[in-house]
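Trainee: Shown below is the structure under consideration.
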Amino acid sequence: MATLTLENPVQSHETGATAASGRPWTGWEKFLFRVAFIFFPLLIIPVDYTWYLKLFSVKTFFAFLNTLTGYRVNFYPLHTESGRWGIGAYSAWGVSLLIALAGAAIWTLLVRKSKRTEYNNLYYWLRVIVRYRIAIGIIAFGFLKFYPMQMPTPSISNLDTNFGDYNTYKIYWQVVGVSIWYEVVLGIVEILGGILVLFRQTTAIGAVLVAGVLYNIAHANIAYDGGVHVYSSLFVLLSLFVLIPYIPHLWKLLIKGENVTPHYYYPPLSKKWQRVAFHSAKYVVIFVFTILFGILRYDVHYHVGQLKEPITPGLKGAEGYYNVTEFRLNGKDLPYSPLDSVRWQNAVFEKWSTLVYKVNKPFSISLQNGTPNPKDVDRNYELAGIAGGRRFLYYKADLKKGQLVLQDKNRPSLFDEDNPDAGKSSAKAKKKGKGQKGKKDDQKLVWNFSRPSADRIILSGLNDHKDSIYVVLDRVKKSYPLRLDRSKYTQQFVTQ
Amino acid sequence: MFRIVFIFLLLLTIPLDWHYYGRIFSISLFHLHFQDLFQVTNYVPRFINFSYWGIASYAGWGITLLIAIAGALVWGFAEKKPADNYGQLYYWLRVIIRFRLALALIGYGVIKLFPVQIPYPTLSDLHTAYGDFLPWKIYYLSTGVASAHYEQTLGAIELLSAILLFYRRTAIVGASIAVALLVNIVLANFAYQLGDHVYSVYLLILAIFIVAYDVPRLYNLLVKERFAKADDFKPLASLRPAVRYGIKIALLLFIVFYASLTYASYSKSKWPYADVPGLPGAYGVYNVREFKINNTELPYSATDTTRWQDVVFEKWNVLSVRINKHLPIDLAGPQIDYEADSLRDYESQGNGGRVFYRYSAKDSTIVLTNKNSNTDKAIFKISRPDASTIILSGIDGHRDSLYVVLDKIKKQYLLDKGRRKPVTVN
């Protein structure tokens, strides 16, 4: 009953002259509404049947939800540079707008005899759909940062890579990964924005928050070639759409300094079953996409291990940066040289089962996003956008035989969460080059290893060219200025 | 309560620190540089300096708060009956704070609009390992490599919010934008130890203070969706229109003047890097092909602690050397208050991977001075047998004689390659 008394004053204003949406809509308003009513669903509701195939072929409930949160409209991907990275990537928006304009024109013609004066009800439901689309998408985005897995902390090999040997997009992600709590806070802000948009009282503030944060993300993605500029711009567009009804009121109240009594249309829901259905649907959606999604994301992150970084532990106690004290090629000792394309300069054993060595030789660079993958060998965030003559090898250690079975990690991935098309095109590329390249990709190296002391590892075996190598690695204790706490010192210069 | 806030914010806002005035009055009007004007906008209320970092860095505020509470009590006793002109005082406090906040946003907005605050990385930076930078430097470099006018746009938004703060009715919009920007700036200051944590929190408080005035209205309108009363406050006393417009025009002129000085620096000067050009045609990264110390040749080595590994010649008169040695790191943070060419240390600050030398070359002699230590001086004879080779020989800062042959490397940077087409580099 308390709610009833609360709502009474609102309803009494409804009949008042100030009730803006109580009046009949003008012709332009109706036309623009028709455009919006076609345009936004085109951007939100998947029309691509392969998306549904993918949706119903996933194996876990989480993957199902995750697919739901991440739909990106793409009628026909333009395979041009601009179509993926630039302005051309917005083509789906343009196409949708054209369809919407045409549709609205036909609609207007068809209903020219109709006496209908407003679309309050439809407008309400359109806003509901848009709000929920924003919320589930942005909350899913936020959880990626909340459990800081979107931008992992820089790995040892990445810390050792020169700044100029980074691609810009990797720099953009890496700097966030440097400060994990900053990433967590950003995640919280996104989740908060999403939750606020779910409730009508807080929709306005939530939409402002989402528009602001996502504008920044969209612009940064253009600035650093992050590749998700269209998807993040979508949230800005949707948020601005949600804000439209508030703007005249805000303008009047703040800028013109006039009193305002707002009135917004809400569907009457006169019958009990309608109210029950409405509220239960609302809270089921909210529960599923906030709490349940959060729990599942946690599970996927910490238990299933759907991650960007490999999780299989590497050789026990081997983690670190190594100098190459000795290097023999076919029995012949090669001295250290920064110019040699065969002799290793240094090597890194990561905490996980990756071995990285550096030579003076150009490699084809992995320009993928390094999105989460189910298999360690495919978890290639560590090599994404990283140059400097580094080769990244995934290994399986056979402790009994004292052997490492290694595999080059720089190979086309079949699965890319942020860029669903990447899988397709690289699969195609794989088919094309099946003859030799396919074989080379899967070529495995088998090296013997021994560990005469805690800080020394000796590797021997045949390299890709079937030359025998013998490598003595000695660990170097490194302290990184990046981990230095400036506030602990009062003097200006510090030597670590 | 109002009395406390009133005194507290006034004490923080009105510059009481004589250092500030000392700096302002030492500005020479004939050699005005945009940084001088930046300093005018950049009054950081600290009062006492227990520590630059952590909670202690806010100690001055604690004392200010105590003074404010005491002052408020005295004020309360002093007035016989509660005055009803708090509304008026509140209004004038807001005016002062609006303009104070606007000034700060102008200060920082302009130097992003013409990106001198966060410049593009140097060649030496490109040849420094990611882990060898201090966090603030990584943050700056990462922002510096953004394209698509990202930094400029942020500056433009700061400037826009400042201008909106000039006018009473748009102040709420400007302050809201400022809150959004400042929340991120405050977070980044703590996350990356950028060093402006006191100042940015102060500005955030000001912005929230301005927004707070309209919160009840907005709450009614947006959350409760009920009658929202507009602000009908009328200041009793108001400045004469001539004065009001005078102030606003002066501020706009200040922006224009400050912006043009900044633009002049951006287009004509390399600030915060040095303006003296380097050796002609020397710009690049060099492999150290040969290295003799006291006539003993040292072969290539990843472990030797004296042998140079590579050398970078910048476009200006600075070269940097990579040596396998723990080097002293300049812990100073980014500052916008150095000007003389020889004092521009931005490039070496926060970089723990290289030794930076400023050099002056005359005829075939080149004198190197360590940027982190004036006593580390080397005098070399320089010869350049061909366009890509430089030979240095002479005495270094440890009185050892060196003979160094440098070969220029043609290096391609992944940083410049983008990710739109397949890339093969080393």
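Ligands are numbered from 1 in the order shown, residues from 1 within each chain, and chains are lettered A, B, ... in the order they appear in the structure tokens.
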Env of Thr153 (chain A): 8 Å cut, atoms = only C-alpha atoms, seq-sep filter 2 positions within chain, self excluded. Answer as a JSON list (two decimals) with N, CA and C atoms, in the first residue's frame.
Mentor:
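Produced file out_22.json, reproduced below:
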```
[["chain", "number", "residue", "atom", "x", "y", "z"],
["A", 151, "MET", "N", 43.18, -7.69, -18.68],
["A", 151, "MET", "CA", 44.54, -7.20, -18.87],
["A", 151, "MET", "C", 45.45, -7.80, -17.80],
["A", 155, "SER", "N", 54.06, -10.19, -18.26],
["A", 155, "SER", "CA", 54.89, -11.36, -17.99],
["A", 155, "SER", "C", 56.36, -10.96, -18.02],
["A", 174, "GLN", "N", 48.56, -3.23, -21.54],
["A", 174, "GLN", "CA", 49.60, -3.53, -20.56],
["A", 174, "GLN", "C", 49.62, -2.50, -19.44],
["A", 177, "GLY", "N", 47.23, -3.39, -17.00],
["A", 177, "GLY", "CA", 47.65, -4.59, -16.28],
["A", 177, "GLY", "C", 48.72, -4.32, -15.23],
["A", 178, "VAL", "N", 49.45, -3.20, -15.40],
["A", 178, "VAL", "CA", 50.50, -2.85, -14.44],
["A", 178, "VAL", "C", 49.91, -2.60, -13.05],
["A", 179, "SER", "N", 48.72, -2.01, -13.02],
["A", 179, "SER", "CA", 48.10, -1.73, -11.73],
["A", 179, "SER", "C", 46.79, -2.51, -11.64],
["A", 180, "ILE", "N", 46.86, -3.64, -10.95],
["A", 180, "ILE", "CA", 45.71, -4.53, -10.94],
["A", 180, "ILE", "C", 44.51, -3.91, -10.23]]
```
Trainee: Using only C-alpha atoms and a distance of at most 7 Å, pull out the residues of chain B that contact chain A, as number ranges by chain.
Mentor: B: 53, 125-135, 138-139, 142, 146-148, 150, 169-170, 187, 191, 221-231, 300-301, 326-332, 352, 413-415, 418-420, 423-426
Trainee: Go ahead and write the residues just picked, N, CA and C atoms, as a short mmCIF file (atom, residue, chain, number, x, y, z; two decimals), in the first residue's frame.
Mentor:
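And here's selection.cif as it stands now:
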```cif
data_model
loop_
_atom_site.label_atom_id
_atom_site.label_comp_id
_atom_site.auth_asym_id
_atom_site.auth_seq_id
_atom_site.Cartn_x
_atom_site.Cartn_y
_atom_site.Cartn_z
N TRP B 53 54.30 11.63 0.19
CA TRP B 53 53.51 10.46 -0.15
C TRP B 53 52.57 10.05 0.96
N ASP B 125 63.60 5.97 -25.13
CA ASP B 125 62.49 5.24 -24.50
C ASP B 125 62.16 3.98 -25.29
N LEU B 126 62.20 4.08 -26.60
CA LEU B 126 61.87 2.91 -27.42
C LEU B 126 62.91 1.82 -27.23
N HIS B 127 64.09 2.20 -26.76
CA HIS B 127 65.14 1.20 -26.51
C HIS B 127 65.36 0.97 -25.02
N THR B 128 64.29 1.09 -24.28
CA THR B 128 64.34 0.77 -22.85
C THR B 128 63.31 -0.31 -22.59
N ALA B 129 63.69 -1.30 -21.79
CA ALA B 129 62.77 -2.41 -21.50
C ALA B 129 61.58 -1.89 -20.70
N TYR B 130 60.43 -2.50 -20.97
CA TYR B 130 59.18 -2.09 -20.31
C TYR B 130 59.34 -2.06 -18.79
N GLY B 131 59.99 -3.08 -18.26
CA GLY B 131 60.12 -3.18 -16.81
C GLY B 131 61.11 -2.20 -16.21
N ASP B 132 61.87 -1.49 -17.05
CA ASP B 132 62.88 -0.56 -16.54
C ASP B 132 62.34 0.85 -16.32
N PHE B 133 61.05 1.03 -16.55
CA PHE B 133 60.46 2.35 -16.30
C PHE B 133 59.75 2.35 -14.95
N LEU B 134 59.72 3.51 -14.34
CA LEU B 134 58.85 3.68 -13.17
C LEU B 134 57.40 3.70 -13.65
N PRO B 135 56.46 3.34 -12.77
CA PRO B 135 55.06 3.28 -13.20
C PRO B 135 54.56 4.59 -13.81
N ILE B 138 55.69 4.85 -17.40
CA ILE B 138 54.95 3.95 -18.28
C ILE B 138 53.58 4.55 -18.60
N TYR B 139 52.95 5.12 -17.59
CA TYR B 139 51.64 5.74 -17.81
C TYR B 139 51.76 6.89 -18.81
N SER B 142 52.64 5.57 -22.32
CA SER B 142 51.49 4.89 -22.93
C SER B 142 50.49 5.92 -23.44
N ALA B 146 49.35 7.49 -27.99
CA ALA B 146 47.98 7.44 -28.52
C ALA B 146 47.87 8.28 -29.79
N SER B 147 47.11 7.77 -30.74
CA SER B 147 46.85 8.55 -31.95
C SER B 147 45.42 9.07 -31.88
N ALA B 148 44.88 9.44 -33.01
CA ALA B 148 43.48 9.87 -33.12
C ALA B 148 43.16 11.02 -32.17
N TYR B 150 43.73 11.61 -29.19
CA TYR B 150 43.16 11.17 -27.92
C TYR B 150 43.50 12.16 -26.80
N ARG B 169 24.71 29.02 -14.62
CA ARG B 169 23.73 28.01 -15.01
C ARG B 169 24.35 26.78 -15.63
N THR B 170 25.49 26.96 -16.25
CA THR B 170 26.12 25.79 -16.86
C THR B 170 27.15 25.16 -15.92
N LEU B 187 42.34 8.34 -9.46
CA LEU B 187 42.66 6.91 -9.45
C LEU B 187 44.01 6.65 -10.09
N ALA B 191 47.26 4.88 -8.65
CA ALA B 191 47.66 3.61 -9.26
C ALA B 191 49.08 3.67 -9.80
N LEU B 221 14.21 15.08 -9.70
CA LEU B 221 13.84 14.98 -11.11
C LEU B 221 14.09 13.58 -11.66
N LEU B 222 15.27 13.04 -11.38
CA LEU B 222 15.68 11.82 -12.07
C LEU B 222 15.35 10.56 -11.29
N VAL B 223 15.50 10.60 -9.99
CA VAL B 223 15.30 9.37 -9.22
C VAL B 223 13.86 9.26 -8.75
N LYS B 224 13.38 10.30 -8.07
CA LYS B 224 12.01 10.21 -7.57
C LYS B 224 10.98 10.55 -8.66
N GLU B 225 11.42 11.15 -9.72
CA GLU B 225 10.54 11.56 -10.83
C GLU B 225 9.36 12.38 -10.32
N ARG B 226 9.67 13.37 -9.52
CA ARG B 226 8.61 14.23 -9.00
C ARG B 226 9.03 15.69 -9.16
N PHE B 227 8.20 16.56 -8.66
CA PHE B 227 8.40 17.99 -8.81
C PHE B 227 9.82 18.41 -8.38
N ALA B 228 10.51 19.09 -9.25
CA ALA B 228 11.86 19.54 -8.93
C ALA B 228 11.89 21.06 -9.01
N LYS B 229 12.33 21.66 -7.93
CA LYS B 229 12.31 23.12 -7.86
C LYS B 229 13.61 23.68 -8.42
N ALA B 230 13.49 24.66 -9.28
CA ALA B 230 14.68 25.25 -9.88
C ALA B 230 15.38 26.13 -8.85
N ASP B 231 16.60 26.44 -9.15
CA ASP B 231 17.38 27.31 -8.27
C ASP B 231 16.87 28.74 -8.43
N TYR B 300 81.60 -8.42 -27.31
CA TYR B 300 80.18 -8.31 -26.96
C TYR B 300 79.91 -9.10 -25.70
N SER B 301 79.10 -8.57 -24.84
CA SER B 301 78.76 -9.31 -23.64
C SER B 301 77.44 -8.83 -23.07
N HIS B 326 73.14 -1.84 -12.54
CA HIS B 326 72.04 -1.15 -11.87
C HIS B 326 72.36 0.33 -11.83
N LEU B 327 71.52 1.09 -12.47
CA LEU B 327 71.80 2.52 -12.61
C LEU B 327 70.95 3.29 -11.62
N PRO B 328 71.45 4.43 -11.19
CA PRO B 328 70.59 5.26 -10.35
C PRO B 328 69.39 5.75 -11.16
N ILE B 329 68.23 5.62 -10.60
CA ILE B 329 67.03 6.08 -11.29
C ILE B 329 66.62 7.42 -10.71
N ASP B 330 66.32 8.33 -11.59
CA ASP B 330 65.81 9.63 -11.16
C ASP B 330 64.35 9.45 -10.76
N LEU B 331 64.07 9.57 -9.46
CA LEU B 331 62.72 9.30 -8.98
C LEU B 331 61.77 10.48 -9.15
N ALA B 332 62.30 11.62 -9.60
CA ALA B 332 61.43 12.79 -9.73
C ALA B 332 60.27 12.46 -10.66
N GLY B 352 65.05 3.69 -15.83
CA GLY B 352 66.11 3.00 -15.12
C GLY B 352 66.95 2.11 -16.01
N TYR B 413 60.30 -0.38 -35.97
CA TYR B 413 59.63 -0.51 -34.68
C TYR B 413 58.21 -1.03 -34.85
N LEU B 414 57.92 -2.06 -34.08
CA LEU B 414 56.55 -2.58 -34.09
C LEU B 414 55.57 -1.48 -33.67
N LEU B 415 56.07 -0.58 -32.81
CA LEU B 415 55.24 0.52 -32.33
C LEU B 415 54.67 1.35 -33.48
N GLY B 418 51.45 -0.53 -36.42
CA GLY B 418 50.03 -0.81 -36.34
C GLY B 418 49.80 -2.30 -36.37
N ARG B 419 48.55 -2.69 -36.42
CA ARG B 419 48.24 -4.12 -36.41
C ARG B 419 47.29 -4.48 -37.54
N ARG B 420 47.24 -3.61 -38.51
CA ARG B 420 46.20 -3.83 -39.52
C ARG B 420 46.66 -4.76 -40.63
N VAL B 423 52.81 -8.20 -39.87
CA VAL B 423 54.06 -7.51 -39.60
C VAL B 423 55.14 -8.54 -39.31
N THR B 424 56.31 -8.34 -39.91
CA THR B 424 57.47 -9.15 -39.56
C THR B 424 58.61 -8.22 -39.20
N VAL B 425 58.97 -8.19 -37.95
CA VAL B 425 60.09 -7.34 -37.51
C VAL B 425 60.86 -8.10 -36.43
N ASN B 426 62.04 -7.55 -36.09
CA ASN B 426 62.71 -8.13 -34.93
C ASN B 426 62.83 -7.09 -33.84
#
```
Trainee: Expressed in Å to a single decimal, how great is the separation between CA of Tyr265 (chain A) and CA of Tyr283 (chain A)?
Mentor: 20.8 Å
Trainee: Tell me, in Å to one decimal, how far CA of His33 (chain B) is from CA of Thr262 (chain B).
Mentor: 7.8 Å
Trainee: Which of region 259-379 of chain A counts as strand (DSSP E or B) under DSSP, as number ranges by chain please?
Mentor: A: 260, 307, 313, 320-329, 332-333, 346-349, 352, 354-358, 363-364, 373
Trainee: Can you write just those residues out, N, CA and C atoms, as an mmCIF file, in the first residue's frame?
Mentor:
```cif
data_model
loop_
_atom_site.group_PDB
_atom_site.id
_atom_site.type_symbol
_atom_site.label_atom_id
_atom_site.label_comp_id
_atom_site.auth_asym_id
_atom_site.auth_seq_id
_atom_site.Cartn_x
_atom_site.Cartn_y
_atom_site.Cartn_z
ATOM 1 N N VAL A 260 10.288 21.970 -12.724
ATOM 2 C CA VAL A 260 9.885 20.904 -13.629
ATOM 3 C C VAL A 260 9.144 19.829 -12.852
ATOM 4 N N LEU A 307 41.448 -18.508 -19.737
ATOM 5 C CA LEU A 307 42.268 -17.346 -19.471
ATOM 6 C C LEU A 307 43.111 -16.958 -20.670
ATOM 7 N N PRO A 313 51.665 -25.060 -14.748
ATOM 8 C CA PRO A 313 52.906 -24.532 -14.185
ATOM 9 C C PRO A 313 54.094 -24.942 -15.027
ATOM 10 N N GLY A 320 62.022 -17.233 -14.355
ATOM 11 C CA GLY A 320 63.005 -16.163 -14.290
ATOM 12 C C GLY A 320 63.610 -15.808 -15.637
ATOM 13 N N TYR A 321 64.535 -14.859 -15.553
ATOM 14 C CA TYR A 321 65.233 -14.340 -16.717
ATOM 15 C C TYR A 321 66.632 -14.943 -16.733
ATOM 16 N N TYR A 322 67.069 -15.441 -17.886
ATOM 17 C CA TYR A 322 68.336 -16.171 -17.961
ATOM 18 C C TYR A 322 69.281 -15.542 -18.976
ATOM 19 N N ASN A 323 70.534 -15.441 -18.592
ATOM 20 C CA ASN A 323 71.569 -15.137 -19.570
ATOM 21 C C ASN A 323 71.990 -16.423 -20.258
ATOM 22 N N VAL A 324 72.412 -16.291 -21.509
ATOM 23 C CA VAL A 324 72.872 -17.464 -22.244
ATOM 24 C C VAL A 324 74.390 -17.498 -22.140
ATOM 25 N N THR A 325 74.875 -18.266 -21.176
ATOM 26 C CA THR A 325 76.311 -18.281 -20.899
ATOM 27 C C THR A 325 77.082 -18.988 -22.009
ATOM 28 N N GLU A 326 76.490 -20.018 -22.533
ATOM 29 C CA GLU A 326 77.188 -20.791 -23.557
ATOM 30 C C GLU A 326 76.185 -21.220 -24.610
ATOM 31 N N PHE A 327 76.609 -21.192 -25.873
ATOM 32 C CA PHE A 327 75.710 -21.610 -26.938
ATOM 33 C C PHE A 327 76.528 -22.324 -28.003
ATOM 34 N N ARG A 328 76.245 -23.604 -28.210
ATOM 35 C CA ARG A 328 76.976 -24.353 -29.243
ATOM 36 C C ARG A 328 76.024 -24.760 -30.354
ATOM 37 N N LEU A 329 76.446 -24.486 -31.574
ATOM 38 C CA LEU A 329 75.668 -24.897 -32.730
ATOM 39 C C LEU A 329 76.461 -25.974 -33.459
ATOM 40 N N LYS A 332 79.912 -26.266 -32.284
ATOM 41 C CA LYS A 332 80.802 -25.114 -32.377
ATOM 42 C C LYS A 332 80.292 -24.002 -31.466
ATOM 43 N N ASP A 333 81.182 -23.488 -30.620
ATOM 44 C CA ASP A 333 80.789 -22.458 -29.670
ATOM 45 C C ASP A 333 80.566 -21.122 -30.379
ATOM 46 N N ASN A 346 69.180 -14.070 -24.734
ATOM 47 C CA ASN A 346 68.717 -14.362 -23.375
ATOM 48 C C ASN A 346 67.495 -15.258 -23.489
ATOM 49 N N ALA A 347 67.040 -15.760 -22.369
ATOM 50 C CA ALA A 347 65.873 -16.635 -22.381
ATOM 51 C C ALA A 347 65.061 -16.390 -21.124
ATOM 52 N N VAL A 348 63.765 -16.697 -21.215
ATOM 53 C CA VAL A 348 62.877 -16.505 -20.074
ATOM 54 C C VAL A 348 62.068 -17.778 -19.865
ATOM 55 N N PHE A 349 62.069 -18.268 -18.647
ATOM 56 C CA PHE A 349 61.086 -19.280 -18.257
ATOM 57 C C PHE A 349 59.992 -18.567 -17.484
ATOM 58 N N TRP A 352 54.420 -20.108 -15.998
ATOM 59 C CA TRP A 352 53.716 -21.175 -16.687
ATOM 60 C C TRP A 352 54.638 -21.795 -17.739
ATOM 61 N N THR A 354 55.976 -21.737 -20.582
ATOM 62 C CA THR A 354 56.424 -21.052 -21.790
ATOM 63 C C THR A 354 57.909 -20.747 -21.657
ATOM 64 N N LEU A 355 58.633 -21.039 -22.726
ATOM 65 C CA LEU A 355 60.050 -20.680 -22.804
ATOM 66 C C LEU A 355 60.189 -19.646 -23.923
ATOM 67 N N VAL A 356 60.823 -18.539 -23.621
ATOM 68 C CA VAL A 356 61.007 -17.492 -24.622
ATOM 69 C C VAL A 356 62.501 -17.280 -24.816
ATOM 70 N N TYR A 357 62.952 -17.281 -26.080
ATOM 71 C CA TYR A 357 64.341 -16.883 -26.282
ATOM 72 C C TYR A 357 64.406 -15.749 -27.284
ATOM 73 N N LYS A 358 65.515 -15.004 -27.202
ATOM 74 C CA LYS A 358 65.649 -13.815 -28.043
ATOM 75 C C LYS A 358 66.850 -13.969 -28.955
ATOM 76 N N PHE A 363 60.713 -11.854 -36.789
ATOM 77 C CA PHE A 363 59.670 -12.876 -36.744
ATOM 78 C C PHE A 363 58.356 -12.259 -37.187
ATOM 79 N N SER A 364 57.497 -13.112 -37.692
ATOM 80 C CA SER A 364 56.153 -12.631 -37.951
ATOM 81 C C SER A 364 55.465 -12.437 -36.597
ATOM 82 N N ASN A 373 41.587 -18.657 -24.150
ATOM 83 C CA ASN A 373 41.494 -19.875 -24.938
ATOM 84 C C ASN A 373 41.509 -21.058 -24.001
#
```
